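Trainee: Dropping in start_28.pdb, with PDB, C-alpha atoms.
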MODEL        1
ATOM      1  CA  MET C 122      10.556   3.448 -28.651
ATOM      2  CA  LYS C 123      13.418   1.078 -29.334
ATOM      3  CA  ARG C 124      12.427  -2.555 -29.641
ATOM      4  CA  GLY C 125      13.848  -5.164 -27.289
ATOM      5  CA  ILE C 126      15.112  -2.848 -24.517
ATOM      6  CA  HIS C 127      11.909  -2.405 -22.500
ATOM      7  CA  PRO C 128      10.413  -4.960 -20.093
ATOM      8  CA  ALA C 129       7.178  -6.698 -21.040
ATOM      9  CA  TYR C 130       4.041  -4.710 -20.224
ATOM     10  CA  ARG C 131       1.319  -7.213 -19.375
ATOM     11  CA  PRO C 132      -1.681  -7.799 -17.091
ATOM     12  CA  VAL C 133      -0.733  -8.333 -13.415
ATOM     13  CA  VAL C 134      -2.881  -8.794 -10.293
ATOM     14  CA  PHE C 135      -1.954  -6.681  -7.259
ATOM     15  CA  ARG C 136      -3.345  -8.123  -4.024
ATOM     16  CA  ASP C 137      -3.703  -6.375  -0.658
ATOM     17  CA  ARG C 138      -3.789  -9.280   1.792
ATOM     18  CA  ALA C 139      -4.720  -7.088   4.785
ATOM     19  CA  ALA C 140      -7.899  -5.781   3.151
ATOM     20  CA  ASP C 141      -8.708  -8.921   1.113
ATOM     21  CA  PHE C 142      -8.707  -6.761  -2.025
ATOM     22  CA  ALA C 143      -7.179  -7.393  -5.448
ATOM     23  CA  PHE C 144      -7.202  -5.574  -8.755
ATOM     24  CA  LEU C 145      -6.052  -6.406 -12.257
ATOM     25  CA  THR C 146      -3.977  -3.832 -14.105
ATOM     26  CA  ARG C 147      -1.118  -3.704 -16.578
ATOM     27  CA  SER C 148       2.445  -3.456 -15.297
ATOM     28  CA  THR C 149       6.059  -4.333 -15.989
ATOM     29  CA  ALA C 150       6.392  -5.876 -12.499
ATOM     30  CA  THR C 151       7.181  -9.583 -12.427
ATOM     31  CA  SER C 152       6.368 -12.420 -10.052
ATOM     32  CA  ASP C 153       6.852 -16.173  -9.946
ATOM     33  CA  ARG C 154       3.495 -16.656  -8.210
ATOM     34  CA  THR C 155       0.241 -16.721 -10.167
ATOM     35  CA  VAL C 156      -3.466 -16.494  -9.393
ATOM     36  CA  GLU C 157      -6.577 -17.393 -11.348
ATOM     37  CA  TRP C 158      -8.616 -14.241 -11.923
ATOM     38  CA  GLU C 159     -12.407 -13.843 -12.238
ATOM     39  CA  ASP C 160     -12.234 -14.206 -16.021
ATOM     40  CA  GLY C 161     -10.693 -17.687 -15.704
ATOM     41  CA  SER C 162      -7.226 -16.605 -16.894
ATOM     42  CA  THR C 163      -4.057 -17.004 -14.846
ATOM     43  CA  TYR C 164      -1.991 -13.882 -14.124
ATOM     44  CA  PRO C 165       1.132 -13.115 -12.088
ATOM     45  CA  VAL C 166       0.222 -11.855  -8.602
ATOM     46  CA  ILE C 167       2.114  -9.311  -6.512
ATOM     47  CA  ASP C 168       1.229  -8.944  -2.821
ATOM     48  CA  VAL C 169       1.334  -5.387  -1.491
ATOM     49  CA  GLU C 170       1.251  -4.182   2.105
ATOM     50  CA  ILE C 171      -1.158  -1.340   1.519
ATOM     51  CA  SER C 172      -3.561  -0.243  -1.206
ATOM     52  CA  SER C 173      -6.471   2.134  -1.597
ATOM     53  CA  ALA C 174      -8.633  -0.442   0.201
ATOM     54  CA  SER C 175      -6.580  -0.287   3.404
ATOM     55  CA  HIS C 176      -4.847   3.128   3.375
ATOM     56  CA  PRO C 177      -6.310   5.534   5.959
ATOM     57  CA  PHE C 178      -6.396   8.412   3.463
ATOM     58  CA  TYR C 179      -8.771   6.523   1.165
ATOM     59  CA  THR C 180     -10.802   4.691   3.813
ATOM     60  CA  GLY C 181     -11.350   7.703   6.084
ATOM     61  CA  THR C 182     -10.202   5.815   9.161
ATOM     62  CA  GLN C 183      -7.059   6.623  11.060
ATOM     63  CA  ARG C 184      -5.038   4.476  13.366
ATOM     64  CA  VAL C 185      -2.846   6.114  15.958
ATOM     65  CA  LEU C 186       0.181   4.021  16.787
ATOM     66  CA  ASP C 187       1.859   5.628  19.776
ATOM     67  CA  THR C 188       3.332   2.639  21.561
ATOM     68  CA  ALA C 189       6.132   4.583  23.231
ATOM     69  CA  GLY C 190       3.899   7.370  24.589
ATOM     70  CA  ARG C 191       5.750   9.976  22.554
ATOM     71  CA  VAL C 192       2.823  12.386  22.411
ATOM     72  CA  GLU C 193       2.299  12.333  26.175
ATOM     73  CA  ARG C 194       6.014  12.754  26.809
ATOM     74  CA  PHE C 195       6.114  15.736  24.430
ATOM     75  CA  GLU C 196       3.118  17.347  26.158
ATOM     76  CA  ARG C 197       4.674  16.870  29.615
ATOM     77  CA  ARG C 198       7.966  18.317  28.481
ATOM     78  CA  TYR C 199       6.678  21.320  26.513
ATOM     79  CA  GLY C 200       3.178  21.730  27.887
ATOM     80  CA  ARG C 201      -0.103  21.506  26.061
ATOM     81  CA  GLY C 202      -1.464  24.661  24.490
ATOM     82  CA  ARG C 203       0.734  27.133  26.344
ATOM     83  CA  SER C 204       0.301  30.489  24.663
ATOM     84  CA  GLY C 205       2.821  33.276  24.388
ATOM     85  CA  GLN C 206       5.792  31.092  23.530
TER      86      GLN C 206
ENDMDL
END
Just give me the structure of the file as structure tokens.
Mentor:
Amino acid sequence: MKRGIHPAYRPVVFRDRAADFAFLTRSTATSDRTVEWEDGSTYPVIDVEISSASHPFYTGTQRVLDTAGRVERFERRYGRGRSGQ
């Protein structure tokens, strides 16, 4: 690896605000905001919208967001469970 061309690889806290979950890992991501971690050290913090703590695939819960009634409209238009087509 060439020296001086790669970004710094350092500890960073990623925080999922929706699930009140944070984890410390190493990354090249940067942030101006910091947080004091459990070990007493201060690290840059990056807020994420979704993580393994809030993603339906990992939590086993699913949320159906059908605000426009698209499923019902599709079923009315094409029928539900019609066989032979």
Trainee: List the residues sitting within 9 Å of (-12.5, -7.4, -9.5) in the file's frame, using all atoms listed in the file, as a list in words.
Mentor: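 Residues found, by chain and rising number: Phe142, Ala143, Phe144, Leu145, Trp158 and Glu159 of chain C.
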Trainee: Report the residues retrieved by the PyMOL selection byres ((chain C and resi 137) around 12) from the displayed file, expressed as a ChimeraX atom specification.
Mentor: /C:134-136,138-145,166-176
Trainee: As a list in words, please: the residues near segment 146-152 of chain C (cut-off 7 Å, only C-alpha atoms, same-chain neighbours under 6 positions excluded).
Mentor: Pro128, Ala129, Tyr130, Arg131, Pro132, Val133, Val134, Pro165, Val166 and Ile167 of chain C
Trainee: What does the distance from atom CA of Thr163 of chain C to atom CA of Lys123 of chain C come to in Å, to one decimal?
Mentor: 29.0 Å
Trainee: If you measure from atom CA of Ile126 of chain C to atom CA of Asp153 of chain C, what distance in Å do you get, rounded to one decimal?
Mentor: 21.4 Å
